[in-house]
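Listing of start-v8.cif; format and content: mmCIF, C-alpha atoms.
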data_start
loop_
_atom_site.label_atom_id
_atom_site.label_comp_id
_atom_site.auth_asym_id
_atom_site.auth_seq_id
_atom_site.Cartn_x
_atom_site.Cartn_y
_atom_site.Cartn_z
CA MET C 1 30.71 298.98 80.61
CA GLU C 2 32.90 302.07 80.35
CA TRP C 3 31.60 304.99 78.31
CA THR C 4 33.64 306.27 75.40
CA ASP C 5 34.04 310.05 75.38
CA GLN C 6 31.53 310.32 72.57
CA ALA C 7 28.94 308.16 74.37
CA ALA C 8 29.46 310.05 77.63
CA ALA C 9 29.09 313.39 75.82
CA ASP C 10 25.86 312.17 74.19
CA GLU C 11 24.52 311.08 77.57
CA ALA C 12 25.61 314.31 79.26
CA ARG C 13 23.81 316.28 76.56
CA LYS C 14 20.63 314.46 77.51
CA GLY C 15 21.06 315.66 81.08
CA ASN C 16 22.89 312.70 82.58
CA GLN C 17 25.15 314.26 85.23
CA LEU C 18 26.98 311.03 85.86
CA ALA C 19 28.17 311.01 82.25
CA PHE C 20 29.51 314.54 82.55
CA ARG C 21 31.26 313.57 85.75
CA VAL C 22 33.02 310.76 83.86
CA LEU C 23 34.28 313.29 81.31
CA VAL C 24 35.46 315.69 84.02
CA GLN C 25 37.31 312.96 85.86
CA ARG C 26 38.87 311.63 82.69
CA HIS C 27 40.15 314.94 81.31
CA SER C 28 40.89 317.11 84.38
CA ARG C 29 44.60 316.40 84.51
CA SER C 30 45.29 317.11 80.85
CA VAL C 31 43.19 320.30 81.00
CA PHE C 32 45.17 321.39 84.08
CA ARG C 33 48.47 320.72 82.32
CA LEU C 34 47.57 322.87 79.33
CA ALA C 35 46.08 325.61 81.52
CA PHE C 36 49.25 325.67 83.61
CA ARG C 37 51.42 325.87 80.52
CA MET C 38 49.37 328.73 79.17
CA THR C 39 48.89 330.78 82.34
CA GLY C 40 52.18 329.89 84.06
CA ASN C 41 50.48 329.90 87.43
CA GLU C 42 49.01 327.08 89.51
CA GLN C 43 46.04 328.98 90.94
CA ASP C 44 45.13 330.48 87.58
CA ALA C 45 45.37 327.01 86.06
CA GLU C 46 42.94 325.66 88.67
CA ASP C 47 40.53 328.49 87.84
CA MET C 48 40.88 327.71 84.13
CA VAL C 49 40.08 324.04 84.77
CA GLN C 50 36.82 325.07 86.44
CA GLU C 51 36.04 327.59 83.74
CA THR C 52 36.78 325.09 80.98
CA PHE C 53 34.38 322.46 82.30
CA LEU C 54 31.75 325.07 83.07
CA ARG C 55 31.90 326.35 79.49
CA ALA C 56 32.01 322.81 78.15
CA PHE C 57 28.86 321.94 80.09
CA LYS C 58 27.04 324.98 78.74
CA GLN C 59 28.22 324.35 75.18
CA LEU C 60 27.78 320.57 75.07
CA HIS C 61 25.13 320.97 72.39
CA ARG C 62 27.84 322.42 70.14
CA PHE C 63 30.09 319.37 70.42
CA ASP C 64 29.46 317.57 67.14
CA GLY C 65 31.95 314.75 67.57
CA ARG C 66 34.05 315.74 64.54
CA ALA C 67 37.03 316.28 66.82
CA ALA C 68 37.89 314.11 69.81
CA PHE C 69 36.30 315.34 73.03
CA GLY C 70 39.75 316.00 74.52
CA THR C 71 40.67 318.18 71.54
CA TRP C 72 37.40 320.11 71.89
CA LEU C 73 38.19 320.65 75.58
CA TYR C 74 41.70 321.85 74.71
CA ARG C 75 40.14 324.44 72.45
CA ILE C 76 38.00 325.70 75.32
CA THR C 77 40.97 325.65 77.72
CA ALA C 78 43.10 327.59 75.27
CA ASN C 79 40.35 330.18 74.78
CA CYS C 80 39.73 330.54 78.52
CA SER C 81 43.45 330.95 79.18
CA LEU C 82 43.83 333.47 76.36
CA ASP C 83 40.90 335.45 77.80
CA LEU C 84 42.73 335.54 81.13
CA ILE C 85 46.01 336.57 79.51
CA ARG C 86 44.24 339.36 77.55
CA ALA C 87 42.53 340.57 80.72
CA ARG C 88 45.91 340.67 82.45
CA ARG C 89 47.37 342.73 79.62
CA VAL C 90 44.45 345.16 79.81
CA ARG C 91 45.07 345.51 83.55
CA GLY C 92 48.78 346.00 82.87
CA GLU C 93 49.78 342.84 84.78
CA SER C 94 52.63 340.70 83.54
CA GLN C 95 52.38 337.00 82.91
CA PRO C 96 53.51 335.08 86.02
CA GLY C 97 56.60 332.96 85.52
CA LEU C 98 56.54 329.19 85.32
CA ASP C 99 56.90 327.70 88.76
CA THR C 100 60.32 326.08 88.97
CA ALA C 101 59.88 324.92 92.55
CA HIS C 102 58.79 321.52 91.24
CA SER C 103 62.06 320.85 89.45
CA PRO C 104 63.05 317.20 89.85
CA ASP C 105 66.72 318.19 90.20
CA PRO C 106 67.04 320.85 92.87
CA SER C 107 70.82 321.45 92.63
CA PRO C 108 71.60 325.20 92.89
CA GLU C 109 73.12 325.37 89.38
CA ARG C 110 70.17 323.55 87.89
CA VAL C 111 67.66 325.75 89.70
CA THR C 112 69.49 328.91 88.62
CA ARG C 113 69.75 327.78 85.03
CA SER C 114 66.14 326.58 84.94
CA LYS C 115 65.01 329.86 86.40
CA GLN C 116 66.99 331.85 83.84
CA LEU C 117 65.66 329.77 80.99
CA ALA C 118 62.11 329.84 82.37
CA ASP C 119 62.25 333.64 82.67
CA MET C 120 63.52 333.97 79.13
CA LEU C 121 60.97 331.49 77.87
CA ASP C 122 58.12 333.34 79.61
CA HIS C 123 59.22 336.56 78.03
CA ALA C 124 59.65 334.93 74.61
CA LEU C 125 56.26 333.20 74.80
CA GLU C 126 54.64 336.55 75.55
CA GLN C 127 56.01 337.87 72.25
CA LEU C 128 54.23 335.15 70.26
CA SER C 129 50.83 335.64 68.73
CA GLU C 130 47.98 333.78 70.43
CA ALA C 131 47.86 331.17 67.66
CA GLU C 132 51.63 330.63 67.74
CA ARG C 133 51.72 330.35 71.51
CA THR C 134 48.82 327.89 71.63
CA ALA C 135 50.21 325.86 68.73
CA PHE C 136 53.65 325.66 70.33
CA LEU C 137 52.35 324.66 73.78
CA LEU C 138 50.12 321.98 72.31
CA ARG C 139 52.84 320.59 70.03
CA HIS C 140 55.79 320.88 72.33
CA TYR C 141 54.39 320.12 75.76
CA GLU C 142 51.16 318.25 75.17
CA GLY C 143 52.35 316.19 72.21
CA CYS C 144 49.31 317.03 70.10
CA ASN C 145 49.63 316.31 66.40
CA ILE C 146 49.12 318.92 63.70
CA GLU C 147 45.56 317.81 62.97
CA GLU C 148 44.55 318.21 66.63
CA ILE C 149 46.22 321.62 66.84
CA ALA C 150 44.39 322.69 63.69
CA LYS C 151 41.08 321.70 65.31
CA VAL C 152 41.90 323.56 68.53
CA LEU C 153 42.85 326.68 66.57
CA GLY C 154 40.03 326.27 64.06
CA VAL C 155 42.43 326.49 61.11
CA LYS C 156 43.67 324.20 58.32
CA ASN C 157 46.54 321.76 58.93
CA GLY C 158 49.00 323.83 56.90
CA ALA C 159 48.29 326.93 58.95
CA ALA C 160 48.68 324.99 62.20
CA LYS C 161 52.02 323.59 61.02
CA HIS C 162 53.15 327.06 60.08
CA SER C 163 52.12 328.45 63.48
CA VAL C 164 54.32 325.86 65.19
CA PHE C 165 57.22 326.76 62.90
CA ARG C 166 56.84 330.51 63.42
CA ALA C 167 56.68 330.00 67.18
CA VAL C 168 59.89 327.92 67.14
CA GLN C 169 61.62 330.51 64.97
CA LYS C 170 60.70 333.35 67.32
CA LEU C 171 61.68 331.34 70.40
CA ARG C 172 65.04 330.45 68.84
CA GLY C 173 65.62 334.09 68.03
CA ALA C 174 64.87 335.10 71.60
CA LEU C 175 66.51 332.25 73.49
CA GLU C 176 69.45 331.07 71.43
CA PRO C 177 71.93 333.88 72.23
CA ALA C 178 71.48 333.62 75.98
CA TRP C 179 70.90 329.87 75.92
CA GLY C 180 74.38 329.32 74.47
CA GLY C 181 75.82 331.12 77.48
CA ALA C 182 73.61 329.34 79.94
CA LYS C 183 74.71 325.90 78.74
CA MET R 1 68.40 317.80 47.26
CA ASN R 2 69.15 321.20 48.78
CA HIS R 3 69.88 321.49 52.48
CA LEU R 4 66.89 321.54 54.83
CA GLY R 5 65.50 324.93 55.80
CA ASP R 6 64.45 325.93 59.30
CA GLU R 7 60.84 324.94 58.64
CA GLU R 8 61.84 321.46 57.51
CA LEU R 9 64.19 321.09 60.49
CA THR R 10 61.37 322.08 62.84
CA GLN R 11 59.09 319.54 61.18
CA ALA R 12 61.83 316.94 61.47
CA TYR R 13 62.23 317.64 65.19
CA TYR R 14 58.52 317.05 65.78
CA GLY R 15 58.35 314.07 63.43
CA ASP R 16 56.15 315.89 60.91
CA ASP R 17 58.74 315.74 58.15
CA GLN R 18 58.43 314.32 54.65
CA PRO R 19 60.20 311.07 53.62
CA GLU R 20 62.66 312.93 51.39
CA SER R 21 63.71 315.17 54.31
CA ARG R 22 64.24 312.09 56.42
CA ARG R 23 66.38 310.52 53.71
CA HIS R 24 68.39 313.72 53.36
CA LEU R 25 69.06 313.83 57.08
CA LEU R 26 70.52 310.34 56.93
CA GLU R 27 73.03 311.45 54.31
CA CYS R 28 73.83 315.08 55.15
CA GLY R 29 76.08 315.77 58.13
CA GLN R 30 75.49 319.52 57.97
CA CYS R 31 71.70 319.19 58.26
CA LYS R 32 72.06 316.50 60.91
CA ALA R 33 74.21 318.89 62.98
CA ALA R 34 71.66 321.69 62.50
CA LEU R 35 68.89 319.38 63.69
CA GLN R 36 70.98 318.34 66.72
CA HIS R 37 71.46 322.00 67.62
CA LEU R 38 67.72 322.70 67.36
CA LYS R 39 66.98 319.53 69.33
CA ALA R 40 69.30 320.56 72.15
CA LEU R 41 67.50 323.89 72.54
CA LEU R 42 63.96 322.54 72.27
CA ASP R 43 64.70 319.55 74.51
CA ASP R 44 65.85 321.97 77.18
CA LEU R 45 62.52 323.76 77.04
CA ALA R 46 60.76 320.46 77.62
CA ALA R 47 62.30 320.20 81.07
CA GLU R 48 59.93 322.72 82.70
CA PRO R 49 57.73 320.64 85.02
CA VAL R 50 53.99 321.01 85.62
CA PRO R 51 52.83 320.52 89.24
CA GLU R 52 51.66 316.96 89.61
CA ARG R 53 47.99 316.19 90.12
CA GLY R 54 47.09 312.86 91.72
CA ALA R 55 44.61 310.19 90.67
CA GLY R 56 41.88 311.77 92.80
CA TYR R 57 42.21 315.13 91.09
CA GLY R 58 39.28 314.54 88.73
CA ALA R 59 36.98 313.90 91.69
CA GLU R 60 38.19 317.10 93.38
CA VAL R 61 37.52 319.09 90.23
CA TRP R 62 34.05 317.58 89.99
CA ASN R 63 33.19 318.38 93.62
CA ARG R 64 34.20 322.00 93.14
CA LEU R 65 32.40 322.20 89.81
CA LEU R 66 29.08 320.63 90.76
CA PRO R 67 27.62 323.59 92.73
CA ARG R 68 28.50 325.89 89.81
CA LEU R 69 26.84 323.85 87.08
CA PRO R 70 23.66 325.48 85.81
CA LEU R 71 21.58 322.37 86.26
CA GLU R 72 18.09 322.79 84.99
CA LYS R 73 15.39 320.94 86.79
CA PRO R 74 14.44 318.44 84.12
CA ARG R 75 11.06 319.25 82.69
CA ARG R 76 8.57 316.64 83.69
CA PRO R 77 5.86 316.48 81.07
CA TRP R 78 3.87 314.09 83.23
CA LEU R 79 3.38 316.90 85.73
CA ARG R 80 1.27 319.09 83.41
CA TRP R 81 -2.25 319.82 84.51
CA TRP R 82 -3.91 317.21 82.34
CA THR R 83 -1.76 314.55 83.89
CA ALA R 84 -2.49 315.68 87.44
CA VAL R 85 -5.57 313.51 87.85
CA PRO R 86 -3.90 310.19 87.04
CA LEU R 87 -0.84 311.33 89.01
CA LEU R 88 -2.88 311.92 92.13
CA ALA R 89 -4.54 308.57 91.62
CA GLY R 90 -1.04 307.13 91.24
CA LEU R 91 0.16 308.73 94.46
CA LEU R 92 -2.77 307.24 96.29
CA ALA R 93 -1.90 303.93 94.73
CA VAL R 94 1.73 304.17 95.79
CA ALA R 95 0.72 304.74 99.35
CA PHE R 96 -1.28 301.56 99.05
CA VAL R 97 1.46 299.67 97.21
CA ALA R 98 4.17 300.86 99.56
CA GLY R 99 1.99 299.87 102.47
CA ARG R 100 1.53 296.41 101.05
CA PHE R 101 5.24 296.11 100.33
CA THR R 102 6.13 297.00 103.86
CA GLN R 103 3.60 294.76 105.56
CA PRO R 104 5.10 291.60 107.03
CA ARG R 105 2.22 289.61 105.60
CA PHE R 106 3.06 290.87 102.10
CA THR R 107 2.22 288.42 99.35
CA PRO R 108 2.61 288.91 95.61
CA ALA R 109 -1.17 288.72 95.35
CA ALA R 110 -1.45 292.02 97.21
CA THR R 111 -0.13 293.95 94.21
CA ALA R 112 -1.38 291.58 91.57
CA GLY R 113 -3.94 294.08 90.35
CA ILE R 114 -1.30 296.63 89.30
CA ALA R 115 0.70 296.09 86.12
CA PRO R 116 4.48 295.86 86.82
CA GLN R 117 5.23 298.83 84.54
CA SER R 118 2.65 301.02 86.28
CA ARG R 119 4.03 299.97 89.64
CA GLN R 120 7.53 300.90 88.54
CA ARG R 121 6.34 304.23 87.12
CA ILE R 122 4.57 305.10 90.37
CA LEU R 123 7.66 304.29 92.44
CA VAL R 124 9.91 306.27 90.11
CA ILE R 125 7.67 309.36 90.27
CA THR R 126 7.25 309.23 94.03
CA LEU R 127 10.93 308.58 94.72
CA SER R 128 11.98 311.30 92.30
CA ASP R 129 9.69 313.84 93.96
CA HIS R 130 10.92 312.81 97.41
CA LEU R 131 14.57 313.17 96.38
CA ASP R 132 13.91 316.58 94.84
CA ARG R 133 12.56 317.85 98.14
CA SER R 134 15.36 316.16 100.09
CA GLU R 135 17.91 317.79 97.78
CA MET R 136 16.40 321.21 98.50
CA LEU R 137 16.59 320.59 102.23
CA LEU R 138 20.21 319.35 102.10
CA THR R 139 21.23 322.26 99.86
CA GLU R 140 19.68 324.70 102.30
CA LEU R 141 21.60 323.06 105.14
CA VAL R 142 24.93 322.91 103.32
CA ASN R 143 24.68 326.58 102.34
CA ALA R 144 23.35 327.80 105.69
CA ALA R 145 25.44 330.37 107.55
CA PRO R 146 26.03 329.83 111.30
CA GLU R 147 24.18 333.05 112.14
CA SER R 148 20.96 331.76 110.52
CA ALA R 149 20.77 329.05 113.13
CA ASP R 150 16.99 328.77 113.57
CA PHE R 151 16.19 325.37 112.18
CA SER R 152 12.59 324.92 113.28
CA GLY R 153 11.41 325.10 109.62
CA VAL R 154 14.14 322.70 108.48
CA ARG R 155 13.26 320.29 111.30
CA SER R 156 9.61 320.31 110.37
CA SER R 157 10.44 319.56 106.68
CA ALA R 158 12.89 316.86 107.74
CA ARG R 159 10.21 315.23 109.88
CA ASP R 160 7.82 315.03 106.90
CA LEU R 161 10.55 313.69 104.65
CA LEU R 162 11.63 311.14 107.26
CA ALA R 163 8.27 309.36 107.30
CA GLU R 164 8.17 309.20 103.49
CA ASN R 165 11.81 308.18 103.32
CA ARG R 166 11.26 305.20 105.60
CA VAL R 167 8.44 303.87 103.42
CA LEU R 168 10.38 304.41 100.19
CA ARG R 169 13.55 302.81 101.61
CA GLN R 170 11.61 299.72 102.61
CA ALA R 171 9.84 299.59 99.25
CA SER R 172 13.17 299.90 97.41
CA ALA R 173 14.70 297.15 99.55
CA ARG R 174 11.71 294.86 98.94
CA THR R 175 11.91 295.38 95.20
CA GLY R 176 15.62 294.53 95.24
CA ASP R 177 16.78 298.05 94.39
CA ALA R 178 19.77 297.96 96.73
CA SER R 179 21.55 301.09 95.48
CA HIS R 180 18.49 303.30 96.04
CA ALA R 181 17.83 301.62 99.38
CA ASP R 182 21.42 302.33 100.51
CA VAL R 183 21.24 306.02 99.65
CA LEU R 184 17.81 306.30 101.26
CA ASP R 185 19.28 304.65 104.34
CA GLU R 186 22.04 307.28 104.51
CA LEU R 187 19.51 310.03 103.92
CA GLU R 188 17.30 308.64 106.66
CA ARG R 189 20.09 308.82 109.23
CA THR R 190 20.72 312.47 108.37
CA LEU R 191 17.01 313.30 108.43
CA LEU R 192 16.75 311.54 111.77
CA ASP R 193 19.57 313.66 113.22
CA ILE R 194 17.94 316.86 111.98
CA THR R 195 14.49 315.86 113.25
CA HIS R 196 15.80 314.96 116.70
CA GLY R 197 18.25 317.85 116.88
CA PRO R 198 17.59 321.20 118.55
CA SER R 199 15.66 323.90 116.71
CA GLN R 200 18.48 326.32 117.62
CA ILE R 201 21.74 324.90 116.39
CA SER R 202 25.21 326.20 117.29
CA GLY R 203 27.82 327.14 114.69
CA PRO R 204 30.10 324.12 115.40
CA GLU R 205 27.10 321.75 115.35
CA LEU R 206 26.00 323.14 112.00
CA GLU R 207 29.53 322.87 110.67
CA SER R 208 29.76 319.26 111.80
CA LEU R 209 26.46 318.44 110.09
CA GLN R 210 27.57 320.19 106.89
CA MET R 211 30.88 318.34 106.94
CA ARG R 212 29.10 315.03 107.39
CA ILE R 213 26.79 315.67 104.47
CA GLU R 214 29.72 316.68 102.30
CA SER R 215 32.11 313.94 103.39
CA GLU R 216 29.55 311.23 102.69
CA GLY R 217 28.78 312.82 99.33
CA LEU R 218 25.11 312.55 100.29
CA LEU R 219 23.92 315.58 98.36
CA PHE R 220 25.77 314.40 95.30
CA LYS R 221 24.29 310.90 95.51
CA VAL R 222 20.79 312.31 95.96
CA ARG R 223 21.29 314.57 92.92
CA ILE R 224 22.55 311.74 90.77
CA ILE R 225 19.72 309.37 91.65
CA SER R 226 17.18 312.14 91.27
CA SER R 227 18.59 313.08 87.85
CA ASN R 228 18.57 309.44 86.72
CA LEU R 229 15.02 308.98 87.95
CA HIS R 230 13.86 312.05 86.03
CA HIS R 231 15.48 310.59 82.97
CA LYS R 232 13.88 307.20 83.59
CA GLY R 233 10.51 308.82 84.33
CA GLN R 234 10.60 310.51 80.94
CA GLN R 235 11.28 307.21 79.24
CA LEU R 236 8.51 305.32 81.01
#
The structure given in the file should be rewritten as structure tokens.
Amino acid sequence: MEWTDQAAADEARKGNQLAFRVLVQRHSRSVFRLAFRMTGNEQDAEDMVQETFLRAFKQLHRFDGRAAFGTWLYRITANCSLDLIRARRVRGESQPGLDTAHSPDPSPERVTRSKQLADMLDHALEQLSEAERTAFLLRHYEGCNIEEIAKVLGVKNGAAKHSVFRAVQKLRGALEPAWGGAK
Amino acid sequence: MNHLGDEELTQAYYGDDQPESRRHLLECGQCKAALQHLKALLDDLAAEPVPERGAGYGAEVWNRLLPRLPLEKPRRPWLRWWTAVPLLAGLLAVAFVAGRFTQPRFTPAATAGIAPQSRQRILVITLSDHLDRSEMLLTELVNAAPESADFSGVRSSARDLLAENRVLRQASARTGDASHADVLDELERTLLDITHGPSQISGPELESLQMRIESEGLLFKVRIISSNLHHKGQQL
């Protein structure tokens, strides 16, 4: 019989390694996706995946099952990634750009345009607050609903919805002028 | 109704809008055009790809994570001092039981005097202890650097474990515990190689041994069974 996330988390809390392995295997790819979106770098994203599961393992006793396990993991991933981004800022490093080498359409025009847009998007995302950035990435790329985003951010639904809106407004302000020309 | 504001258009794009906004969008060309414009921009941002991770990615993450997990040795309340006397008696009994199990002339009557639950408890404790010590040995080997190539101590420990392992493998096979017997069989082959190997081992030989242990996932299997047995031991 296959464990549900809740059952596996309960078992893992009791010290059953196999149960924790099930959770790691089930959620690794989605954690990687979010980490990549947040850090913009493949190696950093891999590090964040490790850090997320390490923190999750240590904090399993805090998982109360009110949110889905995946949502709880997203919260940890977002926090780990934000810690990394803050550390980069302290060290004066800039956020690496999104890797466009994996574009499914490698025509020169497409690559150039994607690169331009990715550069602008990176810059615009850096201007967002942490809550706005996280809310936007979860809503736009990960397809999380408002309730899940609220749980990841630890805020009410209205505040989560407003964070998404503010993020979109700021991104429009930053991207729209150049985007019109890039089209 | 008034035209939709930016917040309502954003909600409409993500499908979080209210029914009245939806109705308005059906009727108002101006708002529909504004939503199309927003959609074109946001859809373009969705095109940024994330590097693909295959189906085996979860297993890779787990293998990298496992050595970093702060795994506590499960506390074993049955190993406190006041339980030592019955435990020692139990260990003596297991030697007897295992001996009877592994004798060709084994008959059910040979173990008839021991209650099935006690027999199971004894096997669980002995196997768990054996796997703990095997795990320590394998961990030492996997983490050994080529320059620390004197393995006389490791060989001596492996020799002790080998004799025990053989008895426990046979006992597990006799009791129909095929999964434990299989892992003990794999462990036995590795212990055999270490026991019969040189006390001074070269860098490439060590590397080959480490790769074998890792590629077969032996250390992981030993950890899992050991962890499950600790859990089971606590329940019994």
Give me, as a PDB file with C-alpha atoms, keeping the file's coordinate frame, the residues of chain C touching chain R, with the criterion being at most 6 Å (counting all atoms listed in the file).
ATOM      1  CA  GLN C  25      37.310 312.960  85.860  1.00  0.00           C
ATOM      2  CA  SER C  28      40.890 317.110  84.380  1.00  0.00           C
ATOM      3  CA  PHE C 165      57.220 326.760  62.900  1.00  0.00           C
TER       4      PHE C 165
END
Check what the PyMOL selection byres ((chain C and resi 6-20) around 7) selects in the file above and give those residues as a list in words.
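Taken over the shown coordinates, the PyMOL selection byres ((chain C and resi 6-20) around 7) returns Trp3, Thr4, Asp5, Arg21, Val22, Leu23, Val24, Leu60, His61, Gly65 and Phe69 of chain C; Ile224, Ser227 and Asn228 of chain R.
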Output check: residues returned by the PyMOL selection byres ((chain C and resi 135) around 7), as a list in words
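So the PyMOL selection byres ((chain C and resi 135) around 7) ends up selecting Ala131, Glu132, Arg133, Thr134, Phe136, Leu137, Leu138, Arg139, Ile149, Ala160, Ser163 and Val164 of chain C.
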Grab the residues selected above and save them as an mmCIF file, keeping the file's coordinate frame with C-alpha atoms.
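Resulting contents of again.cif:
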data_model
loop_
_atom_site.group_PDB
_atom_site.id
_atom_site.type_symbol
_atom_site.label_atom_id
_atom_site.label_comp_id
_atom_site.auth_asym_id
_atom_site.auth_seq_id
_atom_site.Cartn_x
_atom_site.Cartn_y
_atom_site.Cartn_z
ATOM 1 C CA ALA C 131 47.860 331.170 67.660
ATOM 2 C CA GLU C 132 51.630 330.630 67.740
ATOM 3 C CA ARG C 133 51.720 330.350 71.510
ATOM 4 C CA THR C 134 48.820 327.890 71.630
ATOM 5 C CA PHE C 136 53.650 325.660 70.330
ATOM 6 C CA LEU C 137 52.350 324.660 73.780
ATOM 7 C CA LEU C 138 50.120 321.980 72.310
ATOM 8 C CA ARG C 139 52.840 320.590 70.030
ATOM 9 C CA ILE C 149 46.220 321.620 66.840
ATOM 10 C CA ALA C 160 48.680 324.990 62.200
ATOM 11 C CA SER C 163 52.120 328.450 63.480
ATOM 12 C CA VAL C 164 54.320 325.860 65.190
#
Interatomic distance between CA of Arg86 (chain C) and CA of Ala167 (chain C)?
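Taking CA of Arg86 (chain C) as the start and CA of Ala167 (chain C) as the end point, the length is 18.7 Å.
If you look at CA of Glu130 (chain C) and CA of Leu82 (chain C), they are 7.2 Å away from each other.
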Best match for closeness to Leu153 (chain C) among C:His27, C:Arg66, C:Arg75, C:Arg37, counting only C-alpha atoms:
C:Arg75
